[in-house]
Amino acid sequence: MVIGKKGEIYTTAELREGAGLVPGGRAEAELVEGKIVIKAKPTAMSLLRQRRIGKKVNVKELEELRRELGEELERN
Amino acid sequence: MRGIKLGEAFLDTTFMLPFFHIDVDVEGFDLGLFESFISGLERVHFSEISVVEAKAKIMKLSERNAEYRQVQETFGENLEVLRNDEKIRFHAHDGVADRVLNSLLVKGFKLDVVDLFIVSQAAGVGFLLTEDRKILRLRDEARFRDDAVLGGLRLARWSEVQLG
């Protein structure tokens, strides 16, 4: 790996993919015992790509909860 | 929303749940399409009341199904990711929204308390994506459509949003 004139470092696609670093994404870097650790910073979009819960929540359930929540807010 | 290019959208609580790893049983909903929809928006808006509603929903689900406990535990962590994302904006109830809410009350629209907060906060954004039937029924009311402020708020359900 060659370090550029302005200090830029290019990693391999394999490393970037493995660390979840995607074009347009965000990352944070820190120095740990003389090593630079670069981690992908989670974003709203990355949350959508994570593992899902198997069961889906239906609209009726959500409407019912909204009604209950509204009633509770009005009572207190 | 045929032929309309959206730059910003206010999303009802239903569409906050996928960010907490919960999929919703909504007509035509597909996570990949939802991802494209979100990706195509410059700004995504949520109400602070949706945070409370989403957490309450997840708490209820956790009581019945152990699978949701992990979601309940990581809720705060994922919420922080949303709050730190420049694309996402959370709306607190302010003076402007309160004037809209009062106008909804004066006109006597039949909405739940949470609906009132969401519609009044979304009015400033101009587009609300919701599956709530009470909110969607506002479209049928001339006094909603003809109102100087409320009339500028477009309401749509997921199946009406055309991507691409």
# chains A, B, ... in the order shown; residues from 1 in each chain; ligands from 1
$ residues_around --residues "range 51-59 of chain A" --least-positions-apart "3" --cutoff "7 Å" --atoms "only C-alpha atoms" --output "PyMOL selection string"
(chain A and resi 62-63) or (chain B and resi 21-26+67+131)
$ write_last_selection --atoms "N, CA and C atoms" --output "mmCIF file, in the first residue's frame"
data_model
loop_
_atom_site.group_PDB
_atom_site.id
_atom_site.type_symbol
_atom_site.label_atom_id
_atom_site.label_comp_id
_atom_site.auth_asym_id
_atom_site.auth_seq_id
_atom_site.Cartn_x
_atom_site.Cartn_y
_atom_site.Cartn_z
ATOM 1 N N LEU A 62 -51.407 -1.059 14.589
ATOM 2 C CA LEU A 62 -50.856 0.281 14.808
ATOM 3 C C LEU A 62 -51.962 1.297 15.073
ATOM 4 N N GLU A 63 -53.070 1.147 14.364
ATOM 5 C CA GLU A 63 -54.205 2.064 14.567
ATOM 6 C C GLU A 63 -54.777 1.903 15.972
ATOM 7 N N HIS B 21 -35.816 -2.293 12.526
ATOM 8 C CA HIS B 21 -35.753 -3.702 12.112
ATOM 9 C C HIS B 21 -37.112 -4.407 12.134
ATOM 10 N N ILE B 22 -38.169 -3.645 12.106
ATOM 11 C CA ILE B 22 -39.512 -4.245 12.073
ATOM 12 C C ILE B 22 -40.161 -3.902 10.736
ATOM 13 N N ASP B 23 -40.598 -4.922 10.039
ATOM 14 C CA ASP B 23 -41.285 -4.672 8.775
ATOM 15 C C ASP B 23 -42.773 -4.543 9.007
ATOM 16 N N VAL B 24 -43.403 -3.827 8.124
ATOM 17 C CA VAL B 24 -44.820 -3.545 8.296
ATOM 18 C C VAL B 24 -45.649 -4.218 7.209
ATOM 19 N N ASP B 25 -46.810 -4.689 7.625
ATOM 20 C CA ASP B 25 -47.710 -5.361 6.692
ATOM 21 C C ASP B 25 -48.595 -4.307 6.031
ATOM 22 N N VAL B 26 -48.018 -3.653 5.055
ATOM 23 C CA VAL B 26 -48.692 -2.555 4.355
ATOM 24 C C VAL B 26 -48.796 -2.952 2.892
ATOM 25 N N GLU B 67 -38.779 -12.312 20.496
ATOM 26 C CA GLU B 67 -37.972 -11.842 19.369
ATOM 27 C C GLU B 67 -37.791 -10.322 19.390
ATOM 28 N N GLU B 131 -50.564 5.388 6.579
ATOM 29 C CA GLU B 131 -51.544 4.331 6.312
ATOM 30 C C GLU B 131 -52.765 4.525 7.205
#
$ residues_around --residues "range 104-117 of chain B" --least-positions-apart "6" --cutoff "8 Å" --atoms "only C-alpha atoms" --output "list in words"
Arg66, Arg67, Leu69, Gly70, Glu71, Leu73 and Glu74 of chain A; Ser47, Ile49, His93, Ala97, Lys134, Ile135, Leu138 and Arg143 of chain B
$ write_last_selection --atoms "N, CA and C atoms" --output "short mmCIF file (atom, residue, chain, number, x, y, z; two decimals), in the first residue's frame"
data_model
loop_
_atom_site.label_atom_id
_atom_site.label_comp_id
_atom_site.auth_asym_id
_atom_site.auth_seq_id
_atom_site.Cartn_x
_atom_site.Cartn_y
_atom_site.Cartn_z
N ARG A 66 -52.51 3.50 18.46
CA ARG A 66 -52.63 4.96 18.38
C ARG A 66 -53.85 5.44 19.14
N ARG A 67 -54.95 4.69 19.00
CA ARG A 67 -56.19 5.06 19.70
C ARG A 67 -55.97 4.97 21.21
N LEU A 69 -53.13 5.05 22.88
CA LEU A 69 -52.16 6.07 23.31
C LEU A 69 -52.84 7.43 23.42
N GLY A 70 -53.69 7.74 22.45
CA GLY A 70 -54.43 9.00 22.46
C GLY A 70 -55.34 9.09 23.67
N GLU A 71 -56.01 7.98 23.97
CA GLU A 71 -56.93 7.96 25.12
C GLU A 71 -56.16 8.18 26.42
N LEU A 73 -53.27 9.73 26.77
CA LEU A 73 -52.81 11.12 26.84
C LEU A 73 -53.94 12.04 27.28
N GLU A 74 -55.14 11.77 26.79
CA GLU A 74 -56.28 12.62 27.15
C GLU A 74 -56.69 12.44 28.62
N SER B 47 -42.19 12.90 13.37
CA SER B 47 -42.65 13.62 14.54
C SER B 47 -42.02 13.00 15.78
N ILE B 49 -43.54 12.61 18.40
CA ILE B 49 -44.57 11.74 18.97
C ILE B 49 -44.49 10.32 18.37
N HIS B 93 -43.28 19.71 18.74
CA HIS B 93 -44.48 20.51 18.55
C HIS B 93 -44.14 21.97 18.85
N ALA B 97 -46.94 24.60 14.33
CA ALA B 97 -47.72 23.36 14.28
C ALA B 97 -48.97 23.49 15.16
N LYS B 134 -58.01 7.33 9.16
CA LYS B 134 -58.66 8.60 9.57
C LYS B 134 -57.96 9.79 8.91
N ILE B 135 -56.65 9.73 8.88
CA ILE B 135 -55.90 10.83 8.25
C ILE B 135 -56.18 10.85 6.74
N LEU B 138 -59.22 12.56 5.28
CA LEU B 138 -59.26 14.03 5.18
C LEU B 138 -59.28 14.48 3.72
N ARG B 143 -63.51 20.90 3.01
CA ARG B 143 -63.01 21.92 3.94
C ARG B 143 -61.54 21.70 4.28
#
$ residues_around --residues "range 31-45 of chain A" --least-positions-apart "2" --cutoff "8 Å" --atoms "only C-alpha atoms" --output "list in words"
Ala19, Gly20, Leu21, Gly25, Arg26, Ala27, Glu28, Ala29, Leu47, Leu48 and Arg49 of chain A; Phe19, Glu35, Ile38, Ser39, Val81, Leu82, Asn84, Asp85 and Ile88 of chain B
$ write_last_selection --atoms "N, CA and C atoms" --output "short mmCIF file (atom, residue, chain, number, x, y, z; two decimals), in the first residue's frame"
data_model
loop_
_atom_site.label_atom_id
_atom_site.label_comp_id
_atom_site.auth_asym_id
_atom_site.auth_seq_id
_atom_site.Cartn_x
_atom_site.Cartn_y
_atom_site.Cartn_z
N ALA A 19 -15.64 -4.15 5.85
CA ALA A 19 -15.88 -3.23 6.97
C ALA A 19 -17.19 -2.47 6.81
N GLY A 20 -17.89 -2.74 5.72
CA GLY A 20 -19.18 -2.05 5.49
C GLY A 20 -19.01 -0.61 5.07
N LEU A 21 -17.88 -0.29 4.47
CA LEU A 21 -17.65 1.09 4.00
C LEU A 21 -18.16 1.21 2.57
N GLY A 25 -21.12 6.77 2.11
CA GLY A 25 -21.37 6.46 3.52
C GLY A 25 -20.45 7.27 4.43
N ARG A 26 -20.60 7.08 5.73
CA ARG A 26 -19.78 7.80 6.69
C ARG A 26 -18.90 6.80 7.44
N ALA A 27 -17.74 7.29 7.89
CA ALA A 27 -16.84 6.42 8.65
C ALA A 27 -16.20 7.23 9.76
N GLU A 28 -15.76 6.53 10.78
CA GLU A 28 -15.01 7.23 11.83
C GLU A 28 -13.68 6.50 12.02
N ALA A 29 -12.65 7.29 12.29
CA ALA A 29 -11.31 6.70 12.44
C ALA A 29 -10.72 7.08 13.80
N LEU A 47 -29.41 1.09 8.72
CA LEU A 47 -30.36 0.42 9.62
C LEU A 47 -31.35 -0.42 8.83
N LEU A 48 -31.72 0.08 7.65
CA LEU A 48 -32.69 -0.65 6.81
C LEU A 48 -32.09 -1.94 6.25
N ARG A 49 -30.77 -2.00 6.21
CA ARG A 49 -30.12 -3.20 5.62
C ARG A 49 -29.80 -4.25 6.67
N PHE B 19 -36.86 1.21 10.41
CA PHE B 19 -35.53 1.63 10.86
C PHE B 19 -35.14 0.95 12.17
N GLU B 35 -36.29 1.30 0.68
CA GLU B 35 -34.91 1.79 0.73
C GLU B 35 -34.66 2.76 -0.44
N ILE B 38 -36.49 6.07 0.30
CA ILE B 38 -35.78 6.88 1.28
C ILE B 38 -34.50 7.47 0.66
N SER B 39 -33.83 6.63 -0.10
CA SER B 39 -32.59 7.06 -0.72
C SER B 39 -32.82 8.22 -1.69
N VAL B 81 -28.79 6.80 15.93
CA VAL B 81 -28.30 6.77 14.53
C VAL B 81 -29.21 7.66 13.69
N LEU B 82 -30.52 7.54 13.88
CA LEU B 82 -31.47 8.36 13.12
C LEU B 82 -31.28 9.85 13.46
N ASN B 84 -28.66 11.34 14.45
CA ASN B 84 -27.38 11.86 13.97
C ASN B 84 -27.27 11.87 12.45
N ASP B 85 -28.29 11.36 11.78
CA ASP B 85 -28.26 11.31 10.31
C ASP B 85 -28.81 12.63 9.77
N ILE B 88 -32.34 12.90 8.24
CA ILE B 88 -33.54 12.76 9.07
C ILE B 88 -33.75 13.99 9.94
#
$ atom_distance --atom1 "CA of Thr130 in chain B" --atom2 "CA of Gln72 in chain B"
23.3 Å
$ select_by_dssp --residues "range 5-46 of chain A" --states "alpha helix (DSSP H)" --output "number ranges by chain"
A: 13-19, 44-46
$ write_last_selection --atoms "C-alpha atoms" --output "mmCIF file, in the first residue's frame"
data_model
loop_
_atom_site.group_PDB
_atom_site.id
_atom_site.type_symbol
_atom_site.label_atom_id
_atom_site.label_comp_id
_atom_site.auth_asym_id
_atom_site.auth_seq_id
_atom_site.Cartn_x
_atom_site.Cartn_y
_atom_site.Cartn_z
ATOM 1 C CA ALA A 13 -12.480 -3.114 -2.291
ATOM 2 C CA GLU A 14 -12.360 -6.326 -0.257
ATOM 3 C CA LEU A 15 -11.349 -4.448 2.907
ATOM 4 C CA ARG A 16 -13.983 -1.738 2.352
ATOM 5 C CA GLU A 17 -16.739 -4.238 1.738
ATOM 6 C CA GLY A 18 -15.700 -6.309 4.736
ATOM 7 C CA ALA A 19 -15.877 -3.234 6.972
ATOM 8 C CA ALA A 44 -30.516 5.556 8.581
ATOM 9 C CA MET A 45 -29.965 3.665 5.333
ATOM 10 C CA SER A 46 -27.672 1.103 6.986
#
$ residues_around --residues "Ala9 in chain B" --least-positions-apart "3" --cutoff "9 Å" --atoms "only C-alpha atoms" --output "list in words"
Leu6, Leu41, Glu42, Arg43, Val44, His45, Phe46, Ala122, Val125, Gly126, Phe127, Leu128 and Leu129 of chain B
$ write_last_selection --atoms "N, CA and C atoms" --output "mmCIF file, in the first residue's frame"
data_model
loop_
_atom_site.group_PDB
_atom_site.id
_atom_site.type_symbol
_atom_site.label_atom_id
_atom_site.label_comp_id
_atom_site.auth_asym_id
_atom_site.auth_seq_id
_atom_site.Cartn_x
_atom_site.Cartn_y
_atom_site.Cartn_z
ATOM 1 N N LEU B 6 -40.651 13.830 -5.377
ATOM 2 C CA LEU B 6 -40.620 14.278 -3.993
ATOM 3 C C LEU B 6 -39.202 14.570 -3.549
ATOM 4 N N LEU B 41 -35.008 10.584 -1.395
ATOM 5 C CA LEU B 41 -35.454 11.807 -0.727
ATOM 6 C C LEU B 41 -34.267 12.613 -0.220
ATOM 7 N N GLU B 42 -34.404 13.929 -0.282
ATOM 8 C CA GLU B 42 -33.335 14.765 0.274
ATOM 9 C C GLU B 42 -33.456 14.807 1.791
ATOM 10 N N ARG B 43 -34.696 14.811 2.280
ATOM 11 C CA ARG B 43 -34.929 14.937 3.709
ATOM 12 C C ARG B 43 -36.136 14.093 4.112
ATOM 13 N N VAL B 44 -35.987 13.389 5.220
ATOM 14 C CA VAL B 44 -37.074 12.565 5.766
ATOM 15 C C VAL B 44 -37.471 13.175 7.117
ATOM 16 N N HIS B 45 -38.760 13.402 7.287
ATOM 17 C CA HIS B 45 -39.244 14.043 8.508
ATOM 18 C C HIS B 45 -40.064 13.067 9.356
ATOM 19 N N PHE B 46 -39.842 13.132 10.665
ATOM 20 C CA PHE B 46 -40.639 12.352 11.612
ATOM 21 C C PHE B 46 -41.089 13.269 12.740
ATOM 22 N N ALA B 122 -46.775 17.900 9.911
ATOM 23 C CA ALA B 122 -46.470 17.585 8.504
ATOM 24 C C ALA B 122 -46.892 18.703 7.560
ATOM 25 N N VAL B 125 -44.267 20.585 5.830
ATOM 26 C CA VAL B 125 -43.426 19.845 4.882
ATOM 27 C C VAL B 125 -44.156 19.676 3.545
ATOM 28 N N GLY B 126 -45.470 19.490 3.618
ATOM 29 C CA GLY B 126 -46.260 19.442 2.387
ATOM 30 C C GLY B 126 -46.600 18.057 1.873
ATOM 31 N N PHE B 127 -45.986 17.027 2.429
ATOM 32 C CA PHE B 127 -46.316 15.666 1.983
ATOM 33 C C PHE B 127 -46.244 14.728 3.178
ATOM 34 N N LEU B 128 -47.331 13.985 3.410
ATOM 35 C CA LEU B 128 -47.362 13.019 4.519
ATOM 36 C C LEU B 128 -47.670 11.624 3.987
ATOM 37 N N LEU B 129 -46.758 10.703 4.270
ATOM 38 C CA LEU B 129 -46.966 9.304 3.914
ATOM 39 C C LEU B 129 -47.540 8.605 5.143
#
